[in-house]
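Data file: my_file-v7.json. Format and content: JSON, C-alpha atoms and all ligand atoms.
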```json
[["chain", "number", "residue", "atom", "x", "y", "z"],
["A", 28, "MET", "CA", -24.03, -18.45, 15.74],
["A", 29, "LYS", "CA", -24.88, -15.16, 17.42],
["A", 30, "ARG", "CA", -25.64, -11.77, 15.83],
["A", 31, "GLU", "CA", -22.95, -9.19, 16.71],
["A", 32, "ILE", "CA", -21.92, -5.64, 15.79],
["A", 33, "PHE", "CA", -19.90, -5.39, 12.56],
["A", 34, "SER", "CA", -16.59, -4.25, 14.13],
["A", 35, "LYS", "CA", -16.53, -7.22, 16.53],
["A", 36, "VAL", "CA", -17.22, -9.80, 13.82],
["A", 37, "HIS", "CA", -14.70, -8.23, 11.44],
["A", 38, "SER", "CA", -11.91, -8.01, 14.03],
["A", 39, "ALA", "CA", -12.47, -11.61, 15.04],
["A", 40, "THR", "CA", -12.05, -12.90, 11.49],
["A", 41, "LYS", "CA", -9.57, -10.66, 9.68],
["A", 42, "HIS", "CA", -6.27, -12.40, 10.54],
["A", 43, "PRO", "CA", -3.95, -13.63, 9.18],
["A", 44, "ALA", "CA", -3.67, -10.81, 6.65],
["A", 45, "ARG", "CA", -0.73, -9.50, 4.69],
["A", 46, "ILE", "CA", 0.53, -5.95, 4.86],
["A", 47, "ALA", "CA", 1.20, -3.87, 1.76],
["A", 48, "LEU", "CA", 2.78, -0.53, 1.05],
["A", 49, "ALA", "CA", 1.57, 1.61, -1.83],
["A", 50, "ILE", "CA", 4.16, 3.92, -3.31],
["A", 51, "VAL", "CA", 2.81, 7.04, -4.97],
["A", 52, "LYS", "CA", 4.04, 10.43, -6.17],
["A", 53, "ASP", "CA", 2.80, 13.91, -5.29],
["A", 54, "LYS", "CA", 2.39, 16.94, -7.53],
["A", 55, "ASP", "CA", 5.91, 18.15, -6.68],
["A", 56, "ASP", "CA", 7.34, 14.77, -7.81],
["A", 57, "LYS", "CA", 8.04, 13.72, -4.20],
["A", 58, "TYR", "CA", 7.51, 9.99, -3.55],
["A", 59, "ASN", "CA", 5.28, 8.85, -0.69],
["A", 60, "MET", "CA", 4.45, 5.45, 0.89],
["A", 61, "ILE", "CA", 1.34, 4.35, 2.78],
["A", 62, "THR", "CA", 0.86, 1.17, 4.81],
["A", 63, "LEU", "CA", -2.24, -0.79, 3.77],
["A", 64, "GLU", "CA", -4.24, -3.68, 5.08],
["A", 65, "TRP", "CA", -7.03, -3.21, 2.55],
["A", 66, "PHE", "CA", -5.86, -4.48, -0.82],
["A", 67, "MET", "CA", -6.71, -7.44, -3.05],
["A", 68, "LYS", "CA", -6.17, -9.06, -6.45],
["A", 69, "THR", "CA", -9.18, -8.37, -8.63],
["A", 70, "SER", "CA", -8.34, -9.80, -12.07],
["A", 71, "ILE", "CA", -6.21, -12.56, -13.61],
["A", 72, "LYS", "CA", -6.08, -11.36, -17.22],
["A", 73, "PRO", "CA", -4.89, -8.71, -17.10],
["A", 74, "PRO", "CA", -3.57, -8.94, -13.54],
["A", 75, "MET", "CA", -5.06, -6.20, -11.36],
["A", 76, "PHE", "CA", -4.96, -5.09, -7.73],
["A", 77, "ALA", "CA", -7.36, -2.84, -5.83],
["A", 78, "ILE", "CA", -6.20, -0.67, -2.93],
["A", 79, "SER", "CA", -8.55, 1.17, -0.58],
["A", 80, "ILE", "CA", -7.31, 4.60, 0.49],
["A", 81, "GLY", "CA", -8.95, 6.90, 3.06],
["A", 82, "HIS", "CA", -10.03, 10.29, 1.75],
["A", 83, "THR", "CA", -7.97, 12.10, 4.38],
["A", 84, "ARG", "CA", -4.68, 10.39, 3.44],
["A", 85, "TYR", "CA", -2.04, 12.36, 1.61],
["A", 86, "SER", "CA", -1.66, 9.30, -0.65],
["A", 87, "HIS", "CA", -5.28, 9.83, -1.77],
["A", 88, "GLU", "CA", -4.36, 13.30, -3.02],
["A", 89, "CYS", "CA", -1.28, 11.85, -4.76],
["A", 90, "LEU", "CA", -3.31, 9.15, -6.54],
["A", 91, "GLN", "CA", -5.84, 11.66, -7.82],
["A", 92, "ASN", "CA", -2.97, 13.51, -9.44],
["A", 93, "PHE", "CA", -0.50, 10.82, -10.57],
["A", 94, "ARG", "CA", -2.32, 7.73, -11.85],
["A", 95, "PHE", "CA", 0.22, 5.07, -10.96],
["A", 96, "PHE", "CA", 1.12, 3.16, -7.82],
["A", 97, "ASN", "CA", 3.61, 0.51, -6.88],
["A", 98, "LEU", "CA", 2.05, -2.13, -4.64],
["A", 99, "CYS", "CA", 4.83, -3.48, -2.47],
["A", 100, "LEU", "CA", 4.63, -6.53, -0.20],
["A", 101, "PRO", "CA", 7.22, -5.74, 2.46],
["A", 102, "SER", "CA", 9.45, -8.42, 3.94],
["A", 103, "LYS", "CA", 9.71, -9.27, 7.66],
["A", 104, "GLU", "CA", 12.86, -7.14, 7.89],
["A", 105, "MET", "CA", 10.83, -4.04, 6.92],
["A", 106, "ILE", "CA", 8.57, -3.87, 10.00],
["A", 107, "ALA", "CA", 9.95, -0.47, 11.03],
["A", 108, "VAL", "CA", 9.18, 0.88, 7.53],
["A", 109, "SER", "CA", 5.55, -0.28, 7.68],
["A", 110, "LYS", "CA", 5.13, 1.27, 11.15],
["A", 111, "ILE", "CA", 6.43, 4.65, 10.01],
["A", 112, "CYS", "CA", 4.43, 4.61, 6.76],
["A", 113, "GLY", "CA", 1.28, 3.67, 8.68],
["A", 114, "SER", "CA", 1.52, 6.35, 11.34],
["A", 115, "LEU", "CA", 3.03, 9.46, 9.74],
["A", 116, "SER", "CA", 1.78, 11.46, 6.77],
["A", 117, "GLY", "CA", 3.65, 12.43, 3.65],
["A", 118, "ARG", "CA", 2.08, 15.85, 4.17],
["A", 119, "ASP", "CA", 4.45, 16.37, 7.10],
["A", 120, "ILE", "CA", 7.53, 14.29, 6.33],
["A", 121, "ASP", "CA", 9.48, 12.64, 3.54],
["A", 122, "LYS", "CA", 8.98, 8.93, 4.35],
["A", 123, "PHE", "CA", 11.75, 7.82, 2.00],
["A", 124, "GLU", "CA", 14.22, 10.00, 3.88],
["A", 125, "LYS", "CA", 12.84, 8.97, 7.28],
["A", 126, "THR", "CA", 12.90, 5.19, 6.60],
["A", 127, "ASN", "CA", 16.04, 5.19, 4.48],
["A", 128, "VAL", "CA", 14.63, 2.32, 2.38],
["A", 129, "GLU", "CA", 16.75, 1.06, -0.47],
["A", 130, "TRP", "CA", 15.08, 1.33, -3.85],
["A", 131, "PHE", "CA", 15.66, 1.40, -7.56],
["A", 132, "THR", "CA", 13.64, 2.95, -10.32],
["A", 133, "GLY", "CA", 10.90, 0.72, -11.70],
["A", 134, "ARG", "CA", 10.26, 0.22, -15.40],
["A", 135, "LEU", "CA", 6.78, 1.67, -15.67],
["A", 136, "ALA", "CA", 6.44, 5.16, -14.37],
["A", 137, "LYS", "CA", 9.69, 5.72, -12.55],
["A", 138, "LEU", "CA", 8.17, 5.00, -9.15],
["A", 139, "PRO", "CA", 10.53, 3.40, -6.62],
["A", 140, "VAL", "CA", 10.70, -0.40, -6.35],
["A", 141, "LEU", "CA", 11.76, -1.40, -2.85],
["A", 142, "LYS", "CA", 14.86, -3.55, -3.03],
["A", 143, "ASN", "CA", 14.43, -5.58, 0.19],
["A", 144, "ALA", "CA", 10.69, -6.24, -0.14],
["A", 145, "LYS", "CA", 9.19, -9.67, -0.83],
["A", 146, "ALA", "CA", 7.52, -8.36, -3.99],
["A", 147, "ASN", "CA", 6.65, -5.22, -5.93],
["A", 148, "PHE", "CA", 3.91, -4.75, -8.53],
["A", 149, "GLU", "CA", 4.07, -1.68, -10.73],
["A", 150, "CYS", "CA", 0.48, -0.65, -11.46],
["A", 151, "LYS", "CA", -1.34, 1.84, -13.66],
["A", 152, "VAL", "CA", -4.67, 3.11, -12.30],
["A", 153, "ILE", "CA", -7.50, 1.93, -14.55],
["A", 154, "THR", "CA", -10.53, 2.98, -12.55],
["A", 155, "GLN", "CA", -11.64, 4.09, -9.10],
["A", 156, "VAL", "CA", -14.78, 3.84, -7.04],
["A", 157, "ARG", "CA", -15.87, 5.64, -3.90],
["A", 158, "SER", "CA", -16.48, 3.31, -0.97],
["A", 159, "GLY", "CA", -17.76, 5.29, 2.02],
["A", 160, "ASP", "CA", -14.84, 7.21, 3.49],
["A", 161, "HIS", "CA", -12.29, 5.45, 1.23],
["A", 162, "THR", "CA", -11.65, 5.29, -2.52],
["A", 163, "ILE", "CA", -10.82, 1.98, -4.17],
["A", 164, "PHE", "CA", -8.17, 2.52, -6.83],
["A", 165, "VAL", "CA", -7.89, -0.38, -9.26],
["A", 166, "GLY", "CA", -4.53, -0.78, -10.93],
["A", 167, "GLU", "CA", -3.37, -3.00, -13.76],
["A", 168, "VAL", "CA", -0.05, -4.70, -13.04],
["A", 169, "LYS", "CA", 2.53, -3.86, -15.70],
["A", 170, "TYR", "CA", 5.71, -5.25, -14.13],
["A", 171, "SER", "CA", 6.31, -7.59, -11.15],
["A", 172, "TRP", "CA", 9.40, -8.05, -8.98],
["A", 173, "LEU", "CA", 10.16, -10.88, -6.54],
["A", 174, "ASN", "CA", 12.73, -11.66, -3.86],
["A", 175, "GLU", "CA", 12.42, -15.44, -3.53],
["A", 176, "ASP", "CA", 14.44, -15.61, -0.31],
["A", 177, "LYS", "CA", 12.42, -13.03, 1.71],
["A", 178, "GLU", "CA", 9.44, -13.74, 3.99],
["A", 179, "VAL", "CA", 6.22, -11.80, 3.56],
["A", 180, "GLN", "CA", 5.10, -9.43, 6.35],
["A", 181, "LEU", "CA", 1.76, -9.94, 8.13],
["A", 182, "VAL", "CA", -0.46, -7.41, 9.90],
["A", 183, "LYS", "CA", 0.14, -9.28, 13.17],
["A", 184, "ASP", "CA", 3.88, -8.54, 12.85],
["A", 185, "LEU", "CA", 2.99, -4.89, 13.49],
["A", 186, "LEU", "CA", 0.82, -5.48, 16.57],
["B", 201, "LIG", "C1", -1.56, -1.91, 9.89],
["B", 201, "LIG", "C2", -2.12, -0.70, 9.19],
["B", 201, "LIG", "C3", -2.99, -0.84, 8.11],
["B", 201, "LIG", "C4", -3.52, 0.26, 7.45],
["B", 201, "LIG", "N1", -4.35, 0.09, 6.39],
["B", 201, "LIG", "C5", -4.84, 1.17, 5.71],
["B", 201, "LIG", "C6", -5.65, 0.99, 4.54],
["B", 201, "LIG", "O1", -5.89, -0.12, 4.08],
["B", 201, "LIG", "N2", -6.09, 2.13, 3.92],
["B", 201, "LIG", "C7", -5.82, 3.38, 4.38],
["B", 201, "LIG", "O2", -6.27, 4.37, 3.79],
["B", 201, "LIG", "N3", -5.05, 3.57, 5.48],
["B", 201, "LIG", "C8", -4.54, 2.50, 6.15],
["B", 201, "LIG", "N4", -3.73, 2.68, 7.23],
["B", 201, "LIG", "C9", -3.46, 4.05, 7.70],
["B", 201, "LIG", "C10", -2.40, 4.77, 6.88],
["B", 201, "LIG", "O3", -1.29, 3.92, 6.61],
["B", 201, "LIG", "C11", -1.90, 6.03, 7.65],
["B", 201, "LIG", "O4", -2.98, 6.87, 7.93],
["B", 201, "LIG", "C12", -0.80, 6.80, 6.94],
["B", 201, "LIG", "O5", -0.12, 7.59, 7.88],
["B", 201, "LIG", "C13", -1.31, 7.67, 5.81],
["B", 201, "LIG", "O6", -0.19, 8.27, 5.17],
["B", 201, "LIG", "P1", -0.30, 9.46, 4.08],
["B", 201, "LIG", "O7", -1.06, 10.60, 4.73],
["B", 201, "LIG", "O8", 1.13, 9.81, 3.80],
["B", 201, "LIG", "O9", -1.01, 8.91, 2.90],
["B", 201, "LIG", "C14", -3.18, 1.58, 7.89],
["B", 201, "LIG", "C15", -2.29, 1.73, 8.97],
["B", 201, "LIG", "C16", -1.75, 0.61, 9.60],
["B", 201, "LIG", "C17", -0.78, 0.81, 10.74]]
```

Show how you would write the structure in this file as structure tokens.
Ligand SMILES: Cc1cc2nc3c(=O)[nH]c(=O)nc-3n(C[C@H](O)[C@H](O)[C@H](O)COP(=O)(O)O)c2cc1C
Amino acid sequence: MKREIFSKVHSATKHPARIALAIVKDKDDKYNMITLEWFMKTSIKPPMFAISIGHTRYSHECLQNFRFFNLCLPSKEMIAVSKICGSLSGRDIDKFEKTNVEWFTGRLAKLPVLKNAKANFECKVITQVRSGDHTIFVGEVKYSWLNEDKEVQLVKDLL
């Protein structure tokens, strides 16, 4: 065991990790999607997920305004979607138009549920905490959706 700088130790131990997309809505009612590596389950009863969003992201602005998100676990066939949503900003483009993803309206807050994903969790923001240059938004899962036949996407699929 050797002492190392944080970034080296973290990079060496972070895989395999799943990719997620958070779907949010801006103040003009336009939907946006952001690719995320930093998310986790934080409660069993009620079920909750936390997502960590950089302060500079357009999605951060959206979440401050509209207190719901849909946490989507994309399938292997959605690699192009995750790449677009992880490199372009909703400030500049409409990612739903650009990716042409198929979706239907969820039950909770009328946020899109992605039809070809492995899973979708419709969440209501319960609390948030500042974590350095990111904010952790904690959402309670209200409705869950599953495609049993799809395979979950991993961060390494994007590398
Ligand atoms: C593989 C991957 C993982 C990412 N994980 C996160 C993350 O956990 N949190 C975050 O704030 N940004 C993350 N990003 C960066 C955002 O997805 C990216 O900056 C995005 O363009 C922001 O979109 P927005 O401005 O529309 O919100 C990740 C990007 C990639 C490619």

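Taking only C-alpha atoms, the non-local environment of segment 174-185 of chain A within 9 Å (same-chain residues fewer than 3 positions away omitted) comprises His42, Pro43, Ala44, Arg45, Ile46, Ala47, Glu64, Leu100, Pro101, Ser102, Lys103, Glu104, Met105, Ile106, Ala107, Ser109, Lys110, Lys142, Asn143, Ala144, Lys145 and Ala146 of chain A.
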
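The gap separating atom CA of Leu186 of chain A from atom CA of Leu138 of chain A is 28.7 Å, in Å to one decimal.
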
Please give me, as number ranges by chain, the residues lying within 8 Å of ligand LIG 201 (chain B) when counting only C-alpha atoms and all ligand atoms. A: 46, 59-66, 78-87, 109-118, 122, 161, 182, 185-186

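Atom pair atom CA of Val128 of chain A / atom CA of Leu98 of chain A: separated by 15.1 Å.
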
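Closest to Trp172 of chain A among A:Phe93, A:Asn147, A:Pro139, A:Phe131 is A:Asn147, based on only C-alpha atoms.
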